[in-house]
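So the structure is just underneath, and the comments pick up after that.
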Amino acid sequence: MRAVPITVTALAAALLLTACSSSSDDDSGSGDGESKAAAGSACAFDDLGQEVGPVDAAPGAGDTGNVTVTLTNKGAECTLEGFPTVDLEAGDASATVPKDAAAEAQKLTLPAQGTASFTITYTRGESGGDQSLAVKTVKYGLPGASATESFTWSYGDVALKSADAPDASVSAYQQAGD
């Protein structure tokens, strides 16, 4: 009589392991292709939280400031590689922020709840000046993705090097947090 409960317990454990294995290994039935990143694949906006804040905003024209965007992975493990694309928008005018020439791109593996950041370094322009862009919105994209996210720019005008080249740069992705 004792052999029956052990057999039943072993059979139940085997069925449970089989059910867990098949549901976690096969994601083809989700029909959600773009919204969730497969473990180790490129990070997607649907799985990233965003926090924007100045490390040190430029107080006046000619001063340099830094604004950091921190991304928190709310999905499965994913990767970020290279630099984000960043566009400064001021009504009908816009300018693309170049990559920081001194920064080196790296591939970051972002675990669930892991964080990474990038920094926009800029020179503040004279408010309303000919060599300034009155930035209202920043749009940024992940490497290889067509979707973008945006945030409101509240750190003053950005100086221009030329008509469409901002005096700014964007860093590569960096590991953030602990």
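In the structure tokens, chains take the letters A, B, ... in the order shown, each chain's residues start at 1, and ligands count up from 1 in the order shown.
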
Fill in: stretch 43-47 of chain A environment, 12 Å, only C-alpha atoms, sequence neighbours closer than 5 positions dropped, as a PyMOL selection string
chain A and resi 32-38+71-81+84+107-116+140-150

Output C-alpha atoms for every residue in the selection just made, as a short mmCIF file (atom, residue, chain, number, x, y, z; two decimals), in the first residue's frame.
```cif
data_model
loop_
_atom_site.label_atom_id
_atom_site.label_comp_id
_atom_site.auth_asym_id
_atom_site.auth_seq_id
_atom_site.Cartn_x
_atom_site.Cartn_y
_atom_site.Cartn_z
CA ASP A 32 2.97 39.44 -29.18
CA GLY A 33 6.26 39.46 -31.14
CA GLU A 34 7.28 43.08 -30.57
CA SER A 35 6.01 43.76 -27.07
CA LYS A 36 8.13 41.33 -25.08
CA ALA A 37 11.82 40.67 -25.64
CA ALA A 38 13.00 37.07 -25.58
CA LEU A 71 16.13 52.72 -18.27
CA THR A 72 14.83 49.93 -16.01
CA ASN A 73 14.17 46.51 -17.51
CA LYS A 74 10.70 45.32 -16.50
CA GLY A 75 10.80 42.22 -18.70
CA ALA A 76 13.06 39.28 -19.39
CA GLU A 77 16.83 39.62 -19.68
CA CYS A 78 17.73 41.68 -22.76
CA THR A 79 20.69 43.51 -24.28
CA LEU A 80 21.55 47.10 -25.14
CA GLU A 81 24.44 47.73 -27.46
CA PRO A 84 20.79 55.58 -28.48
CA LYS A 107 27.16 45.43 -25.13
CA LEU A 108 25.22 45.39 -21.86
CA THR A 109 23.14 42.49 -20.64
CA LEU A 110 20.25 43.89 -18.65
CA PRO A 111 18.67 41.38 -16.25
CA ALA A 112 15.06 41.73 -15.11
CA GLN A 113 14.89 44.88 -12.94
CA GLY A 114 18.40 45.83 -14.08
CA THR A 115 19.15 49.43 -15.05
CA ALA A 116 21.24 51.16 -17.68
CA TYR A 140 15.35 58.85 -28.44
CA GLY A 141 15.49 55.39 -29.95
CA LEU A 142 17.11 52.09 -29.11
CA PRO A 143 19.71 50.62 -31.49
CA GLY A 144 18.04 48.85 -34.42
CA ALA A 145 14.50 49.84 -33.35
CA SER A 146 12.15 52.06 -35.33
CA ALA A 147 10.06 53.10 -32.29
CA THR A 148 11.04 56.11 -30.19
CA GLU A 149 10.26 57.44 -26.74
CA SER A 150 10.24 61.08 -25.75
#
```

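Near stretch 52-61 of chain A, within 6 Å and counting only C-alpha atoms, sit Val67, Thr68, Val69, Arg124, Gly125 and Glu126 of chain A, not including residues fewer than 6 positions from it in the same chain.
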
Restrict the selected residues to C-alpha atoms and save them as a PDB file, in the first residue's frame.
```pdb
ATOM      1  CA  VAL A  67      20.866  65.071 -18.450  1.00  0.00           C
ATOM      2  CA  THR A  68      20.728  61.351 -17.707  1.00  0.00           C
ATOM      3  CA  VAL A  69      18.079  58.933 -18.930  1.00  0.00           C
ATOM      4  CA  ARG A 124      23.190  75.899 -22.893  1.00  0.00           C
ATOM      5  CA  GLY A 125      22.355  78.487 -25.518  1.00  0.00           C
ATOM      6  CA  GLU A 126      21.177  82.048 -25.141  1.00  0.00           C
TER       7      GLU A 126
END
```

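Residue neighbourhood of A:Pro98, excluding near-sequence residues (fewer than 6 positions): Val86, Ala168, Ser169 and Val170 of chain A, at 8 Å, using only C-alpha atoms.
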
Env of stretch 130-133 of chain A: 6 Å cut, atoms = only C-alpha atoms, seq-sep filter 3 positions within chain, self excluded. Answer as a short mmCIF file (atom, residue, chain, number, x, y, z; two decimals) with C-alpha atoms, in the first residue's frame.
```cif
data_model
loop_
_atom_site.label_atom_id
_atom_site.label_comp_id
_atom_site.auth_asym_id
_atom_site.auth_seq_id
_atom_site.Cartn_x
_atom_site.Cartn_y
_atom_site.Cartn_z
CA GLY A 125 22.36 78.49 -25.52
CA ASP A 157 17.90 76.37 -25.00
CA VAL A 158 20.73 74.31 -26.48
CA ALA A 159 23.59 76.10 -28.23
CA LEU A 160 24.17 75.34 -31.91
#
```
